[in-house]
>>> print(open('structure.txt').read())   # compact mmCIF, C-alpha atoms
# COMPACT_ATOMS: atom_id res chain seq x y z
CA MET A 1 220.33 231.25 -21.51
CA SER A 2 222.20 232.81 -18.70
CA ALA A 3 225.32 231.36 -17.16
CA MET A 4 225.54 232.26 -13.50
CA ALA A 5 228.42 229.92 -12.72
CA ASP A 6 231.22 228.32 -14.66
CA SER A 7 230.61 224.82 -13.50
CA LEU A 8 227.70 222.53 -14.12
CA PHE A 9 226.55 220.08 -11.57
CA GLU A 10 225.54 216.47 -11.25
CA LEU A 11 221.80 216.44 -10.63
CA ARG A 12 219.33 213.81 -9.62
CA ALA A 13 216.93 212.85 -12.37
CA SER A 14 214.49 210.94 -10.23
CA TYR A 15 212.77 213.80 -8.43
CA VAL A 16 210.21 215.10 -10.87
CA SER A 17 207.73 217.53 -9.39
CA VAL A 18 206.07 218.24 -12.70
CA SER A 19 205.13 214.59 -12.98
CA THR A 20 202.38 215.44 -10.54
CA MET A 21 200.68 217.16 -13.42
CA SER A 22 198.00 215.08 -15.03
CA ARG A 23 199.36 212.36 -17.22
CA GLU A 24 195.88 211.58 -18.51
CA PRO A 25 195.57 212.32 -22.18
CA ARG A 26 193.60 215.55 -22.31
CA ARG A 27 192.22 214.74 -25.70
CA ARG A 28 191.55 211.70 -27.71
CA ALA A 29 192.16 213.06 -31.18
CA GLY A 30 195.11 210.71 -31.45
CA CYS A 31 192.77 207.75 -31.43
CA ARG A 32 190.53 208.88 -34.26
CA ALA A 33 190.42 206.13 -36.84
CA GLN A 34 190.38 206.72 -40.55
CA SER A 35 189.32 204.19 -43.12
CA LYS A 36 190.91 204.01 -46.52
CA LYS A 37 189.48 201.86 -49.27
CA THR A 38 191.98 200.24 -51.64
CA GLU A 39 191.12 201.19 -55.21
CA GLY A 40 190.40 198.54 -57.80
CA ALA A 41 190.36 194.74 -57.58
CA THR A 42 193.51 192.62 -57.34
CA HIS A 43 194.02 189.73 -59.80
CA ILE A 44 195.96 186.75 -58.42
CA LEU A 45 197.48 183.99 -60.54
CA ASP A 46 197.65 180.77 -58.50
CA GLU A 47 199.83 177.66 -59.02
CA THR A 48 197.17 175.90 -61.15
CA GLY A 49 197.24 178.75 -63.63
CA SER A 50 193.77 180.04 -62.84
CA VAL A 51 193.14 183.66 -62.07
CA THR A 52 191.15 184.71 -59.04
CA THR A 53 189.98 188.18 -58.24
CA ALA A 54 190.37 189.57 -54.77
CA GLU A 55 187.76 192.04 -53.55
CA PRO A 56 188.87 195.51 -52.58
CA THR A 57 189.89 195.62 -48.94
CA THR A 58 189.40 198.24 -46.31
CA GLU A 59 192.45 199.27 -44.27
CA THR A 60 192.22 201.15 -41.02
CA HIS A 61 194.95 203.49 -39.84
CA SER A 62 194.88 205.31 -36.55
CA GLN A 63 195.32 209.08 -36.65
CA GLU A 64 198.53 208.58 -34.64
CA ASP A 65 200.03 206.52 -37.47
CA LEU A 66 199.14 209.22 -39.95
CA ASP A 67 200.44 211.99 -37.68
CA LEU A 68 203.94 210.62 -37.21
CA PRO A 69 206.33 212.15 -36.45
CA TRP A 70 206.19 215.22 -34.23
CA GLN A 71 209.15 216.87 -32.57
CA VAL A 72 209.67 218.67 -29.28
CA VAL A 73 211.74 221.82 -29.80
CA VAL A 74 213.19 223.95 -27.01
CA HIS A 75 214.01 227.57 -27.83
CA ASN A 76 216.61 229.87 -26.32
CA ASP A 77 215.71 232.53 -23.83
CA PRO A 78 218.21 234.80 -22.12
CA VAL A 79 216.81 234.39 -18.59
CA ASN A 80 216.80 230.68 -17.79
CA LEU A 81 220.08 229.52 -16.28
CA MET A 82 222.17 227.03 -18.25
CA SER A 83 222.45 224.74 -15.23
CA TYR A 84 218.67 224.91 -14.73
CA VAL A 85 217.95 224.00 -18.37
CA THR A 86 220.36 221.06 -18.13
CA MET A 87 218.59 219.84 -14.99
CA VAL A 88 215.19 220.11 -16.69
CA PHE A 89 216.35 218.05 -19.69
CA GLN A 90 217.65 215.38 -17.33
CA ARG A 91 214.42 215.27 -15.38
CA VAL A 92 211.92 215.43 -18.24
CA PHE A 93 213.67 213.18 -20.75
CA GLY A 94 215.82 211.13 -18.38
CA TYR A 95 218.90 212.08 -20.38
CA PRO A 96 222.34 211.61 -18.83
CA ARG A 97 224.06 214.87 -17.89
CA GLU A 98 226.37 214.90 -20.92
CA LYS A 99 223.49 214.57 -23.37
CA ALA A 100 221.39 217.13 -21.50
CA GLU A 101 224.33 219.57 -21.59
CA ARG A 102 224.80 218.98 -25.31
CA HIS A 103 221.17 219.91 -25.99
CA MET A 104 221.40 222.87 -23.61
CA LEU A 105 224.45 224.19 -25.47
CA GLU A 106 222.73 223.67 -28.81
CA VAL A 107 219.79 225.75 -27.55
CA HIS A 108 222.23 228.40 -26.31
CA HIS A 109 224.32 228.64 -29.48
CA LYS A 110 221.86 227.80 -32.26
CA GLY A 111 218.70 229.20 -30.69
CA HIS A 112 216.86 225.90 -30.51
CA SER A 113 217.31 222.16 -30.17
CA VAL A 114 215.13 219.19 -31.06
CA LEU A 115 214.85 217.21 -27.82
CA TRP A 116 212.60 214.40 -28.89
CA ALA A 117 210.59 213.11 -31.86
CA GLY A 118 207.75 210.64 -32.01
CA MET A 119 204.01 210.38 -31.62
CA ARG A 120 201.94 213.44 -30.93
CA GLU A 121 200.50 212.53 -27.55
CA PRO A 122 203.78 211.92 -25.66
CA ALA A 123 205.25 214.94 -27.47
CA GLU A 124 202.41 217.07 -26.07
CA LEU A 125 203.09 215.71 -22.60
CA TYR A 126 206.79 216.57 -22.89
CA VAL A 127 205.97 220.13 -23.99
CA GLN A 128 203.52 220.43 -21.08
CA GLN A 129 206.22 219.33 -18.63
CA LEU A 130 208.76 221.72 -20.16
CA HIS A 131 206.26 224.59 -19.83
CA GLY A 132 205.82 223.53 -16.20
CA TYR A 133 209.53 224.26 -15.81
CA LEU A 134 209.01 227.56 -17.68
CA LEU A 135 211.11 226.64 -20.70
CA LEU A 136 210.11 227.89 -24.15
CA ALA A 137 209.10 224.66 -25.85
CA THR A 138 207.00 223.93 -28.91
CA LEU A 139 205.49 220.95 -30.61
CA GLU A 140 206.22 220.83 -34.33
CA LYS A 141 205.17 218.47 -37.03
CA ILE A 142 207.99 217.21 -39.21
CA ASN A 143 207.15 217.90 -42.86
CA MET B 1 224.96 237.26 3.80
CA GLU B 2 225.98 233.66 4.29
CA ILE B 3 224.40 230.66 2.66
CA CYS B 4 225.10 227.09 3.60
CA ARG B 5 223.65 223.67 3.30
CA HIS B 6 222.54 221.56 6.24
CA ASN B 7 221.11 218.04 6.25
CA ASP B 8 217.51 218.95 5.61
CA HIS B 9 217.58 222.63 4.79
CA ILE B 10 219.48 225.50 3.24
CA GLU B 11 220.25 228.32 5.65
CA ILE B 12 220.64 231.92 4.53
CA SER B 13 221.97 233.89 7.46
CA GLU B 14 223.27 237.42 8.05
CA LEU B 15 220.55 238.71 5.75
CA ASP B 16 220.52 242.48 5.97
CA PRO B 17 217.12 244.23 5.82
CA PHE B 18 217.61 245.15 2.14
CA LEU B 19 218.24 241.57 1.01
CA ALA B 20 215.49 240.30 3.30
CA GLU B 21 213.09 242.69 1.56
CA ILE B 22 214.29 241.54 -1.88
CA LEU B 23 213.52 237.96 -0.81
CA ARG B 24 210.10 238.98 0.50
CA GLN B 25 209.34 240.33 -2.96
CA ILE B 26 209.66 236.90 -4.66
CA PRO B 27 205.94 236.00 -4.64
CA ALA B 28 204.80 239.43 -5.78
CA SER B 29 207.52 239.66 -8.42
CA GLY B 30 206.33 236.44 -10.06
CA SER B 31 202.88 237.82 -10.74
CA PRO B 32 202.34 239.10 -14.29
CA ASP B 33 199.87 241.74 -12.95
CA GLY B 34 198.06 241.82 -16.27
CA VAL B 35 201.20 242.72 -18.26
CA ALA B 36 200.74 240.90 -21.55
CA ALA B 37 204.47 240.26 -22.16
CA ALA B 38 204.86 238.67 -18.73
CA GLU B 39 201.68 236.62 -19.14
CA GLN B 40 202.85 235.40 -22.55
CA ARG B 41 206.23 234.41 -21.16
CA LEU B 42 204.77 232.34 -18.32
CA PHE B 43 202.17 230.75 -20.57
CA SER B 44 203.95 230.50 -23.89
CA SER B 45 202.47 229.04 -27.05
CA PRO B 46 202.89 225.28 -27.56
CA SER B 47 203.36 225.78 -31.28
CA ASN B 48 205.32 228.14 -33.50
CA ARG B 49 203.07 227.45 -36.42
CA LYS B 50 199.42 228.24 -36.80
CA GLU B 51 198.10 225.15 -35.00
CA THR B 52 194.97 226.97 -33.89
CA GLU B 53 193.21 223.87 -32.60
CA LEU B 54 196.21 222.84 -30.51
CA CYS B 55 196.62 226.36 -29.09
CA ALA B 56 192.93 226.60 -28.20
CA GLU B 57 192.99 223.23 -26.43
CA TRP B 58 196.20 224.20 -24.66
CA LYS B 59 194.57 227.34 -23.29
CA MET B 60 191.55 225.38 -22.13
CA TYR B 61 193.20 222.32 -20.60
CA VAL B 62 196.91 222.90 -19.94
CA GLU B 63 197.09 226.54 -18.87
CA PRO B 64 194.84 226.10 -15.83
CA GLU B 65 197.01 223.20 -14.71
CA LEU B 66 200.17 225.28 -15.17
CA ARG B 67 198.59 228.15 -13.21
CA ARG B 68 197.87 225.78 -10.34
CA LEU B 69 201.42 224.43 -10.44
CA PHE B 70 202.97 227.92 -10.37
CA GLN B 71 200.56 229.12 -7.69
CA SER B 72 201.33 226.13 -5.49
CA ALA B 73 205.09 226.81 -5.72
CA THR B 74 204.56 230.50 -4.93
CA GLU B 75 202.42 229.68 -1.88
CA THR B 76 205.08 227.32 -0.52
CA VAL B 77 207.75 230.00 -0.90
CA ALA B 78 205.50 232.68 0.61
CA ALA B 79 204.96 230.46 3.66
CA ASP B 80 208.74 229.95 4.06
CA LEU B 81 209.29 233.69 3.77
CA GLU B 82 207.05 234.32 6.76
CA GLN B 83 210.18 233.62 8.82
CA LEU B 84 211.35 237.07 7.75
CA ASN B 85 208.22 238.83 8.97
CA GLY B 86 208.05 240.83 12.18
CA ASN B 87 210.32 243.65 13.28
CA GLU B 88 210.44 244.98 9.71
CA LYS B 89 211.77 248.28 11.04
CA SER B 90 214.63 246.64 12.88
CA LEU B 91 218.02 246.87 11.21
CA ALA B 92 219.09 243.53 12.65
CA ASN B 93 220.13 240.80 10.23
CA ARG B 94 217.80 237.86 9.65
CA THR B 95 218.07 234.15 8.97
CA LEU B 96 215.98 232.15 6.51
CA ARG B 97 215.80 228.38 6.43
CA ILE B 98 214.55 226.69 3.26
CA PRO B 99 213.52 223.06 3.83
CA ALA B 100 215.18 220.72 1.32
CA LYS B 101 211.78 219.34 0.33
CA HIS B 102 210.78 222.85 -0.82
CA ALA B 103 213.74 223.15 -3.21
CA ASP B 104 211.65 222.59 -6.33
CA ALA B 105 209.05 225.13 -5.24
CA TRP B 106 211.83 227.68 -4.71
CA LEU B 107 213.37 226.95 -8.11
CA SER B 108 209.97 227.49 -9.73
CA ALA B 109 209.07 230.66 -7.80
CA LEU B 110 212.51 232.18 -8.40
CA ASN B 111 212.23 231.36 -12.09
CA GLN B 112 208.74 232.85 -12.33
CA ALA B 113 209.99 236.03 -10.67
CA ARG B 114 213.07 236.33 -12.91
CA LEU B 115 211.08 235.74 -16.11
CA VAL B 116 208.29 238.14 -15.16
CA ILE B 117 210.70 240.91 -14.10
CA ALA B 118 212.68 240.47 -17.35
CA ALA B 119 209.50 240.56 -19.44
CA LYS B 120 208.08 243.60 -17.67
CA ASN B 121 211.33 245.55 -18.10
CA SER B 122 212.13 244.26 -21.61
CA PHE B 123 215.73 243.66 -20.59
CA THR B 124 218.17 243.05 -23.45
CA GLU B 125 220.43 240.00 -23.50
CA SER B 126 223.49 242.18 -22.83
CA GLU B 127 221.81 243.78 -19.81
CA LEU B 128 220.93 240.35 -18.47
CA GLY B 129 224.53 239.24 -18.97
CA ASP B 130 225.86 242.17 -16.97
CA HIS B 131 226.04 240.56 -13.55
CA PHE B 132 228.18 243.27 -12.01
CA ARG B 133 226.18 246.37 -12.88
CA SER B 134 226.32 248.76 -9.97
CA PRO B 135 225.44 250.85 -8.15
CA ILE B 136 221.65 250.58 -8.01
CA GLY B 137 220.56 253.98 -9.21
CA SER B 138 217.14 253.37 -10.66
CA ARG B 139 214.13 251.09 -10.49
CA ARG B 140 215.48 249.32 -13.59
CA ASP B 141 218.84 248.69 -11.89
CA LEU B 142 217.00 247.30 -8.88
CA SER B 143 215.00 244.95 -11.12
CA LEU B 144 218.20 243.69 -12.73
CA PHE B 145 219.73 243.19 -9.29
CA GLN B 146 216.66 241.13 -8.32
CA ILE B 147 217.09 238.92 -11.40
CA ASN B 148 220.76 238.32 -10.62
CA PHE B 149 220.21 237.76 -6.90
CA TYR B 150 217.39 235.29 -7.54
CA GLY B 151 219.62 233.59 -10.14
CA PHE B 152 222.37 233.24 -7.57
CA LEU B 153 219.92 231.53 -5.20
CA GLN B 154 218.74 229.24 -7.99
CA GLU B 155 222.35 228.24 -8.68
CA PHE B 156 222.92 227.43 -5.03
CA ILE B 157 219.73 225.34 -4.83
CA LEU B 158 220.68 223.51 -8.05
CA ARG B 159 224.11 222.81 -6.59
CA ASP B 160 222.41 221.58 -3.44
CA LEU B 161 220.11 219.26 -5.41
CA GLY B 162 223.15 217.91 -7.19
CA GLY B 163 224.58 216.86 -3.86
>>> encode(input="structure.txt", output="structure tokens")
Amino acid sequence: MSAMADSLFELRASYVSVSTMSREPRRRAGCRAQSKKTEGATHILDETGSVTTAEPTTETHSQEDLDLPWQVVVHNDPVNLMSYVTMVFQRVFGYPREKAERHMLEVHHKGHSVLWAGMREPAELYVQQLHGYLLLATLEKIN
Amino acid sequence: MEICRHNDHIEISELDPFLAEILRQIPASGSPDGVAAAEQRLFSSPSNRKETELCAEWKMYVEPELRRLFQSATETVAADLEQLNGNEKSLANRTLRIPAKHADAWLSALNQARLVIAAKNSFTESELGDHFRSPIGSRRDLSLFQINFYGFLQEFILRDLGG
């Protein structure tokens, strides 16, 4: 990142032009359901001493549950201004200035910073907003 | 050149013809013009890994939306810059007023221009950090001057947004 001035400034976080971009999920892969059958029967000993056998059950997990967690990573580039990157972090994530500056400096010194982690769909939306501000941002699955 | 903030606009006055021309170049400078490096910088990959499905969907659904967003900002700035048109051959200084409500569009258009110029010229980090390189003796020097001048304007607008 490029520092054009020594000082950083207090910036409003409420004016988000990129929020005009579609907030509709552009895909529904996150809602795919997967069924998993529990193997084998379960034997239960009740208070009378008799044994009952429970039938195998079917559990349903959404793809989102299985996909957790994803992280939003912002990468360094030498052109974007430090003050601009700080403003973008405040606007997109609603972070206070100090936290936004901390992430900005981490990007500047370490080459990248993890800005957010969670479900895939909001992570995609964050990356989309960051690209709208022309930051180098990627969506990465945590292994 | 003087730059100052008023209630509802930023005023750049005493603009000499050279700086006025540099400002006029903002919309054109933000266009990748088919240069792959510039195109890739404006529309970067959403994933560092080989998430081919994600990248394909991104190209199909997100990129068109980003193109519209960038185009809209550029058009707003181009309309503001029309104040500088007319009497191009005159050596008189000009004044440009940027409405406060266009601040975000200007930040975006200036950023597009800086990123595209940097990508087209493959500037190194040390070149980009050299804010006092002078005099302008080549097309490359002029491009670096553009990046720094547009960066200065971005800083002022950011300061203005910060109140």
>>> closest_residue(input="structure.txt", among="B:Pro27, B:Gly34, B:Gly162, B:Pro135", to="Glu75 of chain B", atoms="all atoms listed in the file")
B:Pro27
>>> closest_residue(input="structure.txt", among="A:Thr138, A:Val72, A:Glu121, A:Thr86", to="Lys99 of chain A", atoms="all atoms listed in the file")
A:Thr86
>>> residues_around(input="structure.txt", residues="Val79 of chain A", least_positions_apart="4", cutoff="9 Å", atoms="all atoms listed in the file", output="list in words")
Met1 and Ser2 of chain A; Asn111, Arg114, Leu115, Ala118, Glu125, Leu128, Ile147 and Gly151 of chain B
>>> interface_residues(input="structure.txt", of="chain B", to="chain A", cutoff="9 Å", atoms="all atoms listed in the file", output="short mmCIF file (atom, residue, chain, number, x, y, z; two decimals) with C-alpha atoms, in the frame of the given file")
data_model
loop_
_atom_site.label_atom_id
_atom_site.label_comp_id
_atom_site.auth_asym_id
_atom_site.auth_seq_id
_atom_site.Cartn_x
_atom_site.Cartn_y
_atom_site.Cartn_z
CA ARG B 41 206.23 234.41 -21.16
CA LEU B 42 204.77 232.34 -18.32
CA PHE B 43 202.17 230.75 -20.57
CA SER B 44 203.95 230.50 -23.89
CA SER B 45 202.47 229.04 -27.05
CA PRO B 46 202.89 225.28 -27.56
CA SER B 47 203.36 225.78 -31.28
CA ASN B 48 205.32 228.14 -33.50
CA ARG B 49 203.07 227.45 -36.42
CA GLU B 57 192.99 223.23 -26.43
CA TRP B 58 196.20 224.20 -24.66
CA TYR B 61 193.20 222.32 -20.60
CA VAL B 62 196.91 222.90 -19.94
CA GLU B 65 197.01 223.20 -14.71
CA LEU B 66 200.17 225.28 -15.17
CA LEU B 69 201.42 224.43 -10.44
CA PHE B 70 202.97 227.92 -10.37
CA ASP B 104 211.65 222.59 -6.33
CA ALA B 105 209.05 225.13 -5.24
CA LEU B 107 213.37 226.95 -8.11
CA SER B 108 209.97 227.49 -9.73
CA ASN B 111 212.23 231.36 -12.09
CA GLN B 112 208.74 232.85 -12.33
CA ARG B 114 213.07 236.33 -12.91
CA LEU B 115 211.08 235.74 -16.11
CA ALA B 118 212.68 240.47 -17.35
CA THR B 124 218.17 243.05 -23.45
CA GLU B 125 220.43 240.00 -23.50
CA LEU B 128 220.93 240.35 -18.47
CA GLY B 129 224.53 239.24 -18.97
CA HIS B 131 226.04 240.56 -13.55
CA ILE B 147 217.09 238.92 -11.40
CA ASN B 148 220.76 238.32 -10.62
CA GLY B 151 219.62 233.59 -10.14
CA PHE B 152 222.37 233.24 -7.57
CA GLN B 154 218.74 229.24 -7.99
CA GLU B 155 222.35 228.24 -8.68
CA LEU B 158 220.68 223.51 -8.05
CA ARG B 159 224.11 222.81 -6.59
CA ASP B 160 222.41 221.58 -3.44
CA LEU B 161 220.11 219.26 -5.41
CA GLY B 162 223.15 217.91 -7.19
CA GLY B 163 224.58 216.86 -3.86
#
>>> residues_near_point(input="structure.txt", point="(215.5, 224.9, -31.1)", cutoff="10 Å", atoms="all atoms listed in the file", output="ChimeraX atom specification")
/A:72-76,103-104,106-115,136-138
>>> atom_distance(input="structure.txt", atom1="atom CA of Leu105 of chain A", atom2="atom CA of Gly30 of chain B")
26.8 Å
>>> closest_residue(input="structure.txt", among="B:Asp16, B:Arg68, B:Asp80, B:Leu110", to="Arg97 of chain B", atoms="all atoms listed in the file")
B:Asp80
